[in-house]
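S.K.: My structure is stored as input_16.pdb, with PDB, C-alpha atoms and all ligand atoms.
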ATOM      1  CA  MET A  34     167.518 -10.346 -31.491  1.00  0.00           C
ATOM      2  CA  ASP A  35     166.227  -7.418 -29.423  1.00  0.00           C
ATOM      3  CA  ALA A  36     167.782  -4.868 -31.725  1.00  0.00           C
ATOM      4  CA  ILE A  37     165.593  -5.889 -34.628  1.00  0.00           C
ATOM      5  CA  VAL A  38     162.298  -5.326 -32.818  1.00  0.00           C
ATOM      6  CA  GLU A  39     160.847  -2.058 -33.940  1.00  0.00           C
ATOM      7  CA  ARG A  40     157.856  -1.449 -31.818  1.00  0.00           C
ATOM      8  CA  MET A  41     156.467   1.795 -33.184  1.00  0.00           C
ATOM      9  CA  PRO A  42     159.255   3.210 -35.303  1.00  0.00           C
ATOM     10  CA  ARG A  43     157.980   6.420 -36.735  1.00  0.00           C
ATOM     11  CA  ARG A  44     155.019   7.613 -34.844  1.00  0.00           C
ATOM     12  CA  ASP A  45     154.895  11.223 -35.800  1.00  0.00           C
ATOM     13  CA  ASP A  46     151.367  12.385 -35.229  1.00  0.00           C
ATOM     14  CA  ASP A  47     150.370  14.711 -32.417  1.00  0.00           C
ATOM     15  CA  SER A  48     151.216  12.121 -29.784  1.00  0.00           C
ATOM     16  CA  ASN A  49     154.922  12.420 -30.574  1.00  0.00           C
ATOM     17  CA  LYS A  50     155.985  15.849 -31.689  1.00  0.00           C
ATOM     18  CA  ASP A  51     159.700  15.048 -31.310  1.00  0.00           C
ATOM     19  CA  SER A  52     159.700  12.473 -34.094  1.00  0.00           C
ATOM     20  CA  ALA A  53     162.209  12.961 -36.908  1.00  0.00           C
ATOM     21  CA  VAL A  54     159.528  12.521 -39.558  1.00  0.00           C
ATOM     22  CA  LYS A  55     156.626  14.896 -39.641  1.00  0.00           C
ATOM     23  CA  ARG A  56     153.439  13.378 -40.986  1.00  0.00           C
ATOM     24  CA  PRO A  57     152.030  15.600 -43.758  1.00  0.00           C
ATOM     25  CA  THR A  58     148.486  16.870 -43.647  1.00  0.00           C
ATOM     26  CA  GLN A  59     145.730  15.110 -45.573  1.00  0.00           C
ATOM     27  CA  GLU A  60     145.780  18.019 -48.091  1.00  0.00           C
ATOM     28  CA  GLU A  61     149.542  17.671 -48.607  1.00  0.00           C
ATOM     29  CA  ALA A  62     149.213  13.916 -49.128  1.00  0.00           C
ATOM     30  CA  GLU A  63     146.393  14.399 -51.644  1.00  0.00           C
ATOM     31  CA  ALA A  64     148.459  17.005 -53.504  1.00  0.00           C
ATOM     32  CA  ALA A  65     151.282  14.464 -53.761  1.00  0.00           C
ATOM     33  CA  VAL A  66     148.878  11.974 -55.359  1.00  0.00           C
ATOM     34  CA  ARG A  67     147.791  14.625 -57.880  1.00  0.00           C
ATOM     35  CA  THR A  68     151.464  15.102 -58.753  1.00  0.00           C
ATOM     36  CA  LEU A  69     151.847  11.361 -59.348  1.00  0.00           C
ATOM     37  CA  ILE A  70     148.721  11.279 -61.536  1.00  0.00           C
ATOM     38  CA  ALA A  71     150.239  14.060 -63.658  1.00  0.00           C
ATOM     39  CA  TRP A  72     153.550  12.147 -63.664  1.00  0.00           C
ATOM     40  CA  ALA A  73     151.643   9.122 -65.019  1.00  0.00           C
ATOM     41  CA  GLY A  74     150.501  11.368 -67.864  1.00  0.00           C
ATOM     42  CA  ASP A  75     146.880  11.995 -66.923  1.00  0.00           C
ATOM     43  CA  ASP A  76     144.940  15.070 -65.807  1.00  0.00           C
ATOM     44  CA  PRO A  77     144.221  15.140 -62.058  1.00  0.00           C
ATOM     45  CA  ALA A  78     141.343  17.552 -62.764  1.00  0.00           C
ATOM     46  CA  ARG A  79     139.591  15.027 -65.017  1.00  0.00           C
ATOM     47  CA  GLU A  80     136.238  14.063 -63.522  1.00  0.00           C
ATOM     48  CA  GLY A  81     137.031  10.378 -63.027  1.00  0.00           C
ATOM     49  CA  LEU A  82     140.191  11.285 -61.123  1.00  0.00           C
ATOM     50  CA  LEU A  83     138.832  14.059 -58.915  1.00  0.00           C
ATOM     51  CA  ASP A  84     138.244  11.833 -55.877  1.00  0.00           C
ATOM     52  CA  THR A  85     141.215   9.573 -56.538  1.00  0.00           C
ATOM     53  CA  PRO A  86     143.704  11.425 -54.295  1.00  0.00           C
ATOM     54  CA  LYS A  87     141.299  11.125 -51.365  1.00  0.00           C
ATOM     55  CA  ARG A  88     140.857   7.394 -52.005  1.00  0.00           C
ATOM     56  CA  VAL A  89     144.586   6.775 -52.416  1.00  0.00           C
ATOM     57  CA  VAL A  90     145.393   8.585 -49.182  1.00  0.00           C
ATOM     58  CA  LYS A  91     142.732   6.544 -47.390  1.00  0.00           C
ATOM     59  CA  ALA A  92     144.173   3.343 -48.864  1.00  0.00           C
ATOM     60  CA  TYR A  93     147.644   4.371 -47.667  1.00  0.00           C
ATOM     61  CA  ARG A  94     146.286   4.795 -44.149  1.00  0.00           C
ATOM     62  CA  GLU A  95     145.153   1.175 -44.380  1.00  0.00           C
ATOM     63  CA  PHE A  96     148.306  -0.190 -46.032  1.00  0.00           C
ATOM     64  CA  PHE A  97     150.561   1.492 -43.474  1.00  0.00           C
ATOM     65  CA  ARG A  98     148.568   1.436 -40.282  1.00  0.00           C
ATOM     66  CA  GLY A  99     151.208  -0.815 -38.730  1.00  0.00           C
ATOM     67  CA  TYR A 100     153.201   2.267 -37.734  1.00  0.00           C
ATOM     68  CA  GLU A 101     150.510   3.045 -35.185  1.00  0.00           C
ATOM     69  CA  GLU A 102     150.441  -0.359 -33.522  1.00  0.00           C
ATOM     70  CA  ASP A 103     152.787  -1.974 -31.059  1.00  0.00           C
ATOM     71  CA  PRO A 104     153.456  -5.721 -31.453  1.00  0.00           C
ATOM     72  CA  ILE A 105     154.861  -6.086 -27.943  1.00  0.00           C
ATOM     73  CA  GLU A 106     151.668  -4.678 -26.496  1.00  0.00           C
ATOM     74  CA  VAL A 107     149.609  -7.059 -28.642  1.00  0.00           C
ATOM     75  CA  LEU A 108     151.600  -9.989 -27.246  1.00  0.00           C
ATOM     76  CA  SER A 109     151.345  -8.836 -23.635  1.00  0.00           C
ATOM     77  CA  ARG A 110     148.171 -10.774 -22.771  1.00  0.00           C
ATOM     78  CA  THR A 111     149.192 -14.348 -22.033  1.00  0.00           C
ATOM     79  CA  PHE A 112     147.640 -17.419 -20.426  1.00  0.00           C
ATOM     80  CA  GLU A 113     149.276 -19.690 -17.926  1.00  0.00           C
ATOM     81  CA  ASP A 114     146.774 -22.510 -17.660  1.00  0.00           C
ATOM     82  CA  ILE A 115     147.783 -24.760 -20.538  1.00  0.00           C
ATOM     83  CA  GLY A 116     147.245 -28.113 -18.824  1.00  0.00           C
ATOM     84  CA  GLY A 117     150.888 -29.134 -18.881  1.00  0.00           C
ATOM     85  CA  TYR A 118     151.167 -28.699 -22.675  1.00  0.00           C
ATOM     86  CA  ASP A 119     154.830 -28.951 -23.547  1.00  0.00           C
ATOM     87  CA  ASP A 120     155.387 -28.694 -27.268  1.00  0.00           C
ATOM     88  CA  ILE A 121     155.503 -26.210 -30.100  1.00  0.00           C
ATOM     89  CA  VAL A 122     152.557 -24.073 -31.166  1.00  0.00           C
ATOM     90  CA  MET A 123     152.400 -23.374 -34.865  1.00  0.00           C
ATOM     91  CA  LEU A 124     150.316 -21.113 -37.071  1.00  0.00           C
ATOM     92  CA  ARG A 125     150.630 -22.128 -40.689  1.00  0.00           C
ATOM     93  CA  ASP A 126     149.571 -20.223 -43.806  1.00  0.00           C
ATOM     94  CA  ILE A 127     148.897 -16.782 -42.376  1.00  0.00           C
ATOM     95  CA  ASP A 128     148.009 -14.704 -45.437  1.00  0.00           C
ATOM     96  CA  MET A 129     150.023 -11.543 -45.535  1.00  0.00           C
ATOM     97  CA  ASN A 130     150.569  -8.639 -47.877  1.00  0.00           C
ATOM     98  CA  SER A 131     153.103  -5.918 -47.429  1.00  0.00           C
ATOM     99  CA  HIS A 132     154.831  -3.237 -49.517  1.00  0.00           C
ATOM    100  CA  CYS A 133     158.481  -3.380 -50.439  1.00  0.00           C
ATOM    101  CA  GLU A 134     160.382  -0.374 -49.211  1.00  0.00           C
ATOM    102  CA  HIS A 135     162.308  -0.066 -52.466  1.00  0.00           C
ATOM    103  CA  HIS A 136     159.375   0.402 -54.836  1.00  0.00           C
ATOM    104  CA  MET A 137     156.317   0.691 -52.562  1.00  0.00           C
ATOM    105  CA  ILE A 138     154.794  -2.159 -54.567  1.00  0.00           C
ATOM    106  CA  PRO A 139     153.051  -5.091 -52.824  1.00  0.00           C
ATOM    107  CA  PHE A 140     154.612  -8.394 -51.988  1.00  0.00           C
ATOM    108  CA  ILE A 141     152.044 -11.037 -51.177  1.00  0.00           C
ATOM    109  CA  GLY A 142     152.319 -14.437 -49.593  1.00  0.00           C
ATOM    110  CA  LYS A 143     152.112 -16.472 -46.435  1.00  0.00           C
ATOM    111  CA  ALA A 144     153.803 -16.449 -43.064  1.00  0.00           C
ATOM    112  CA  HIS A 145     154.331 -19.523 -40.900  1.00  0.00           C
ATOM    113  CA  ILE A 146     155.126 -19.087 -37.218  1.00  0.00           C
ATOM    114  CA  ALA A 147     156.013 -21.539 -34.478  1.00  0.00           C
ATOM    115  CA  TYR A 148     157.149 -20.978 -30.934  1.00  0.00           C
ATOM    116  CA  PHE A 149     157.988 -23.255 -28.057  1.00  0.00           C
ATOM    117  CA  PRO A 150     156.335 -21.754 -24.974  1.00  0.00           C
ATOM    118  CA  THR A 151     157.800 -21.838 -21.513  1.00  0.00           C
ATOM    119  CA  GLU A 152     155.032 -21.449 -18.938  1.00  0.00           C
ATOM    120  CA  ARG A 153     152.764 -19.034 -20.744  1.00  0.00           C
ATOM    121  CA  VAL A 154     151.071 -19.031 -24.133  1.00  0.00           C
ATOM    122  CA  VAL A 155     149.591 -16.184 -26.087  1.00  0.00           C
ATOM    123  CA  GLY A 156     146.208 -16.093 -27.834  1.00  0.00           C
ATOM    124  CA  ILE A 157     146.868 -17.494 -31.307  1.00  0.00           C
ATOM    125  CA  SER A 158     145.193 -14.567 -33.081  1.00  0.00           C
ATOM    126  CA  LYS A 159     147.831 -12.294 -31.541  1.00  0.00           C
ATOM    127  CA  LEU A 160     150.562 -13.997 -33.567  1.00  0.00           C
ATOM    128  CA  ALA A 161     148.635 -13.259 -36.760  1.00  0.00           C
ATOM    129  CA  ARG A 162     148.167  -9.687 -35.515  1.00  0.00           C
ATOM    130  CA  VAL A 163     151.936  -9.309 -35.147  1.00  0.00           C
ATOM    131  CA  VAL A 164     152.370 -10.367 -38.782  1.00  0.00           C
ATOM    132  CA  GLU A 165     149.758  -7.813 -39.753  1.00  0.00           C
ATOM    133  CA  ILE A 166     151.440  -4.984 -37.812  1.00  0.00           C
ATOM    134  CA  TYR A 167     154.848  -5.511 -39.400  1.00  0.00           C
ATOM    135  CA  ALA A 168     153.362  -6.186 -42.855  1.00  0.00           C
ATOM    136  CA  ARG A 169     151.501  -2.882 -42.755  1.00  0.00           C
ATOM    137  CA  ARG A 170     154.731  -0.935 -42.933  1.00  0.00           C
ATOM    138  CA  LEU A 171     157.284  -0.368 -45.686  1.00  0.00           C
ATOM    139  CA  GLN A 172     159.381  -3.480 -45.553  1.00  0.00           C
ATOM    140  CA  THR A 173     161.938  -5.830 -46.884  1.00  0.00           C
ATOM    141  CA  GLN A 174     160.959  -9.450 -46.468  1.00  0.00           C
ATOM    142  CA  GLU A 175     164.124 -10.171 -44.494  1.00  0.00           C
ATOM    143  CA  THR A 176     163.527  -7.347 -42.022  1.00  0.00           C
ATOM    144  CA  MET A 177     159.927  -8.320 -41.520  1.00  0.00           C
ATOM    145  CA  THR A 178     160.801 -11.971 -40.900  1.00  0.00           C
ATOM    146  CA  GLY A 179     163.360 -10.956 -38.279  1.00  0.00           C
ATOM    147  CA  GLN A 180     161.040  -8.444 -36.641  1.00  0.00           C
ATOM    148  CA  ILE A 181     158.245 -10.980 -36.206  1.00  0.00           C
ATOM    149  CA  ALA A 182     160.607 -13.515 -34.632  1.00  0.00           C
ATOM    150  CA  GLY A 183     162.197 -10.799 -32.494  1.00  0.00           C
ATOM    151  CA  ALA A 184     158.910  -9.492 -31.131  1.00  0.00           C
ATOM    152  CA  ILE A 185     157.728 -12.983 -30.136  1.00  0.00           C
ATOM    153  CA  ASP A 186     161.096 -13.715 -28.579  1.00  0.00           C
ATOM    154  CA  VAL A 187     161.144 -10.518 -26.549  1.00  0.00           C
ATOM    155  CA  ALA A 188     157.512 -10.576 -25.472  1.00  0.00           C
ATOM    156  CA  LEU A 189     157.028 -14.272 -24.646  1.00  0.00           C
ATOM    157  CA  LYS A 190     160.594 -15.352 -23.822  1.00  0.00           C
ATOM    158  CA  PRO A 191     159.873 -18.797 -25.266  1.00  0.00           C
ATOM    159  CA  LYS A 192     162.361 -21.651 -25.693  1.00  0.00           C
ATOM    160  CA  GLY A 193     162.512 -20.671 -29.348  1.00  0.00           C
ATOM    161  CA  VAL A 194     160.763 -19.076 -32.311  1.00  0.00           C
ATOM    162  CA  ALA A 195     160.634 -20.028 -35.995  1.00  0.00           C
ATOM    163  CA  VAL A 196     159.294 -17.795 -38.734  1.00  0.00           C
ATOM    164  CA  MET A 197     159.102 -18.442 -42.454  1.00  0.00           C
ATOM    165  CA  ILE A 198     157.681 -16.094 -45.062  1.00  0.00           C
ATOM    166  CA  GLU A 199     157.054 -17.121 -48.654  1.00  0.00           C
ATOM    167  CA  ALA A 200     156.053 -14.254 -50.920  1.00  0.00           C
ATOM    168  CA  VAL A 201     155.870 -13.052 -54.494  1.00  0.00           C
ATOM    169  CA  HIS A 202     157.186  -9.534 -55.017  1.00  0.00           C
ATOM    170  CA  GLN A 203     155.156  -7.647 -57.569  1.00  0.00           C
ATOM    171  CA  CYS A 204     158.103  -5.328 -58.144  1.00  0.00           C
ATOM    172  CA  MET A 205     159.685  -8.379 -59.796  1.00  0.00           C
ATOM    173  CA  SER A 206     156.474  -9.558 -61.502  1.00  0.00           C
ATOM    174  CA  LEU A 207     155.043  -6.387 -63.005  1.00  0.00           C
ATOM    175  CA  ARG A 208     158.111  -4.311 -63.736  1.00  0.00           C
ATOM    176  CA  GLY A 209     161.909  -4.539 -63.851  1.00  0.00           C
ATOM    177  CA  VAL A 210     163.027  -8.097 -64.447  1.00  0.00           C
ATOM    178  CA  GLN A 211     159.374  -9.257 -64.975  1.00  0.00           C
ATOM    179  CA  LYS A 212     159.592 -12.724 -63.454  1.00  0.00           C
ATOM    180  CA  PRO A 213     156.082 -13.329 -62.119  1.00  0.00           C
ATOM    181  CA  ASN A 214     156.367 -16.733 -60.467  1.00  0.00           C
ATOM    182  CA  VAL A 215     159.341 -16.340 -58.183  1.00  0.00           C
ATOM    183  CA  ALA A 216     158.733 -17.259 -54.559  1.00  0.00           C
ATOM    184  CA  THR A 217     161.081 -15.529 -52.144  1.00  0.00           C
ATOM    185  CA  VAL A 218     161.529 -17.560 -48.972  1.00  0.00           C
ATOM    186  CA  THR A 219     162.972 -16.155 -45.753  1.00  0.00           C
ATOM    187  CA  THR A 220     163.404 -17.853 -42.382  1.00  0.00           C
ATOM    188  CA  GLN A 221     164.432 -16.737 -38.926  1.00  0.00           C
ATOM    189  CA  PHE A 222     165.088 -19.115 -36.044  1.00  0.00           C
ATOM    190  CA  THR A 223     165.840 -18.297 -32.425  1.00  0.00           C
ATOM    191  CA  GLY A 224     166.600 -20.387 -29.343  1.00  0.00           C
ATOM    192  CA  GLU A 225     165.997 -24.111 -29.706  1.00  0.00           C
ATOM    193  CA  PHE A 226     164.791 -23.748 -33.288  1.00  0.00           C
ATOM    194  CA  LYS A 227     168.252 -22.431 -34.042  1.00  0.00           C
ATOM    195  CA  THR A 228     170.258 -24.901 -31.991  1.00  0.00           C
ATOM    196  CA  ASN A 229     168.187 -28.059 -32.426  1.00  0.00           C
ATOM    197  CA  PRO A 230     168.198 -29.264 -36.052  1.00  0.00           C
ATOM    198  CA  ALA A 231     165.432 -31.811 -35.350  1.00  0.00           C
ATOM    199  CA  LEU A 232     163.074 -29.108 -34.090  1.00  0.00           C
ATOM    200  CA  GLN A 233     163.900 -26.908 -37.068  1.00  0.00           C
ATOM    201  CA  ALA A 234     163.277 -29.841 -39.419  1.00  0.00           C
ATOM    202  CA  ARG A 235     159.916 -30.477 -37.763  1.00  0.00           C
ATOM    203  CA  PHE A 236     158.866 -26.887 -38.390  1.00  0.00           C
ATOM    204  CA  LEU A 237     159.833 -27.168 -42.045  1.00  0.00           C
ATOM    205  CA  GLU A 238     158.147 -30.559 -42.329  1.00  0.00           C
ATOM    206  CA  LEU A 239     154.889 -29.211 -40.872  1.00  0.00           C
ATOM    207  CA  ILE A 240     154.884 -26.504 -43.540  1.00  0.00           C
ATOM    208  CA  ARG A 241     155.584 -29.003 -46.325  1.00  0.00           C
ATOM    209  CA  MET A 242     152.918 -31.439 -45.095  1.00  0.00           C
ATOM    210  CA  ASN A 243     150.253 -28.878 -45.813  1.00  0.00           C
ATOM    211  CA  SER A 244     151.424 -27.794 -49.226  1.00  0.00           C
ATOM    212  CA  GLY A 245     151.739 -31.387 -50.440  1.00  0.00           C
ATOM    213  CA  LYS A 246     155.287 -30.679 -51.661  1.00  0.00           C
TER
HETATM  214  N1  LIG B 301     166.548  -8.373 -50.397  1.00  0.00           N
HETATM  215  C1  LIG B 301     165.366  -7.843 -50.773  1.00  0.00           C
HETATM  216  N2  LIG B 301     165.303  -7.192 -51.924  1.00  0.00           N
HETATM  217  C2  LIG B 301     164.121  -6.693 -52.287  1.00  0.00           C
HETATM  218  C3  LIG B 301     162.956  -6.809 -51.522  1.00  0.00           C
HETATM  219  N3  LIG B 301     161.946  -6.192 -52.180  1.00  0.00           N
HETATM  220  C4  LIG B 301     162.472  -5.712 -53.318  1.00  0.00           C
HETATM  221  N4  LIG B 301     163.802  -6.005 -53.405  1.00  0.00           N
HETATM  222  C5  LIG B 301     164.829  -5.717 -54.401  1.00  0.00           C
HETATM  223  O1  LIG B 301     165.351  -4.441 -54.189  1.00  0.00           O
HETATM  224  C6  LIG B 301     166.235  -4.206 -55.273  1.00  0.00           C
HETATM  225  C7  LIG B 301     166.362  -2.737 -55.560  1.00  0.00           C
HETATM  226  O2  LIG B 301     167.364  -2.641 -56.527  1.00  0.00           O
HETATM  227  P1  LIG B 301     167.757  -1.307 -57.303  1.00  0.00           P
HETATM  228  O3  LIG B 301     168.777  -1.672 -58.342  1.00  0.00           O
HETATM  229  O4  LIG B 301     168.113  -0.251 -56.304  1.00  0.00           O
HETATM  230  O5  LIG B 301     166.383  -0.865 -57.951  1.00  0.00           O
HETATM  231  P2  LIG B 301     165.780  -1.177 -59.399  1.00  0.00           P
HETATM  232  O6  LIG B 301     166.608  -0.503 -60.453  1.00  0.00           O
HETATM  233  O7  LIG B 301     164.341  -0.792 -59.370  1.00  0.00           O
HETATM  234  O8  LIG B 301     165.980  -2.760 -59.505  1.00  0.00           O
HETATM  235  P3  LIG B 301     165.220  -3.820 -60.427  1.00  0.00           P
HETATM  236  O9  LIG B 301     164.043  -4.334 -59.644  1.00  0.00           O
HETATM  237  O10 LIG B 301     166.230  -4.898 -60.672  1.00  0.00           O
HETATM  238  O11 LIG B 301     164.765  -3.129 -61.687  1.00  0.00           O
HETATM  239  C8  LIG B 301     165.679  -5.038 -56.419  1.00  0.00           C
HETATM  240  O12 LIG B 301     166.649  -6.042 -56.706  1.00  0.00           O
HETATM  241  C9  LIG B 301     164.424  -5.677 -55.836  1.00  0.00           C
HETATM  242  O13 LIG B 301     164.162  -6.960 -56.367  1.00  0.00           O
HETATM  243  C10 LIG B 301     163.065  -7.509 -50.285  1.00  0.00           C
HETATM  244  O14 LIG B 301     162.115  -7.666 -49.531  1.00  0.00           O
HETATM  245  N5  LIG B 301     164.283  -8.002 -49.970  1.00  0.00           N
HETATM  246 ZN    ZN B 302     160.237  -3.753 -54.719  1.00  0.00          ZN
END
Would you give me this structure, written as structure tokens?

M.R.:
Amino acid sequence: MDAIVERMPRRDDDSNKDSAVKRPTQEEAEAAVRTLIAWAGDDPAREGLLDTPKRVVKAYREFFRGYEEDPIEVLSRTFEDIGGYDDIVMLRDIDMNSHCEHHMIPFIGKAHIAYFPTERVVGISKLARVVEIYARRLQTQETMTGQIAGAIDVALKPKGVAVMIEAVHQCMSLRGVQKPNVATVTTQFTGEFKTNPALQARFLELIRMNSGK
């Protein structure tokens, strides 16, 4: 599982000059957007489009800010005093949106996460933050599902982790095959969620209970 955890894969700003990928300047990024506007068939010098490159570059900073954050660090603050609690902790229906690495088009859906703590638990918001960090990178849904489970596994060393993502890929809805209502479902189980079918079934049941399916 460890191999799949990418903490901060391509940090290439001034803090890491040895990185393989050099981050372009703001001007270079804006010029690239002007090229794409021209490729779309419009005039980047048209008044309505003059500020568009700046806005797009700013939006990209937001969409892809996950490269600057470290999920393991986010999960490093844990609490021991859990009053003898000895069961799974589950976060259901975490809204997420990411961008597929093949088309750079959004895929949008929900993540469900459960883990079975040993002695220590993590603040529940941190699990949603981990989803956010990996979602704000160029992704495949499979990779992202594995990375989330891997990070929780490595950082918390729980008895097990379960992650499910259900998402609609707009690269399938808006272009290409044009099938707008396809849900892609991915799961990753570690530890007892992998070896204990009853625990795995409980995770799936807890998800279904909510959706009324
Ligand atoms: N497995 C997987 N595939 C994805 C994901 N996001 C997008 N894809 C797929 O990536 C594939 C890329 O296929 P290509 O044939 O190289 O590209 P394409 O010609 O644009 O493919 P079409 O979408 O079929 O038009 C497509 O089948 C997409 O549906 C993902 O998260 N996981
Ligand atoms: Zn795609």

S.K.: Which residues are near ligand ZN 302 (chain B) in this structure, taking near to mean any atom at most 9 Å from a ligand atom and counting only C-alpha atoms and all ligand atoms? Format them as an NGL selection string.

M.R.: :A and (132-140 or 173 or 202-205)

S.K.: Mind checking which residues fall within 7 Å of A:Glu225, counting only C-alpha atoms, ignoring those fewer than 4 positions away in the same chain, and posting them as a list of chain:residue names?

M.R.: A:Lys192, A:Gly193, A:Asn229

S.K.: May I have the residues within 12 Å of A:Gly117 as a PyMOL selection string, using all atoms listed in the file and disregarding those fewer than 2 positions away in the same chain?

M.R.: chain A and resi 113-115+119-120+150-154

S.K.: Could you work out how far atom CA of A:Val54 lies from atom CA of A:Gln221, giving the answer in Å with one decimal?

M.R.: 29.7 Å

S.K.: The PyMOL selection byres (((chain A and resi 155-164) around 9) and not hetatm) on the file shown: which residues, as a tab-separated table (two decimals) with C-alpha atoms, in the coordinates of the input?

M.R.:
chain	number	residue	atom	x	y	z
A	103	ASP	CA	152.79	-1.97	-31.06
A	104	PRO	CA	153.46	-5.72	-31.45
A	105	ILE	CA	154.86	-6.09	-27.94
A	107	VAL	CA	149.61	-7.06	-28.64
A	108	LEU	CA	151.60	-9.99	-27.25
A	109	SER	CA	151.34	-8.84	-23.64
A	110	ARG	CA	148.17	-10.77	-22.77
A	111	THR	CA	149.19	-14.35	-22.03
A	112	PHE	CA	147.64	-17.42	-20.43
A	113	GLU	CA	149.28	-19.69	-17.93
A	122	VAL	CA	152.56	-24.07	-31.17
A	123	MET	CA	152.40	-23.37	-34.86
A	124	LEU	CA	150.32	-21.11	-37.07
A	127	ILE	CA	148.90	-16.78	-42.38
A	128	ASP	CA	148.01	-14.70	-45.44
A	129	MET	CA	150.02	-11.54	-45.54
A	144	ALA	CA	153.80	-16.45	-43.06
A	146	ILE	CA	155.13	-19.09	-37.22
A	150	PRO	CA	156.34	-21.75	-24.97
A	153	ARG	CA	152.76	-19.03	-20.74
A	154	VAL	CA	151.07	-19.03	-24.13
A	165	GLU	CA	149.76	-7.81	-39.75
A	166	ILE	CA	151.44	-4.98	-37.81
A	167	TYR	CA	154.85	-5.51	-39.40
A	168	ALA	CA	153.36	-6.19	-42.86
A	169	ARG	CA	151.50	-2.88	-42.76
A	177	MET	CA	159.93	-8.32	-41.52
A	178	THR	CA	160.80	-11.97	-40.90
A	181	ILE	CA	158.24	-10.98	-36.21
A	184	ALA	CA	158.91	-9.49	-31.13
A	185	ILE	CA	157.73	-12.98	-30.14
A	189	LEU	CA	157.03	-14.27	-24.65

S.K.: Work out how far apart atom CA of A:Lys87 and atom CA of A:Glu61 are and give it in Å to one decimal.

M.R.: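 Separation between atom CA of A:Lys87 and atom CA of A:Glu61: 10.9 Å.
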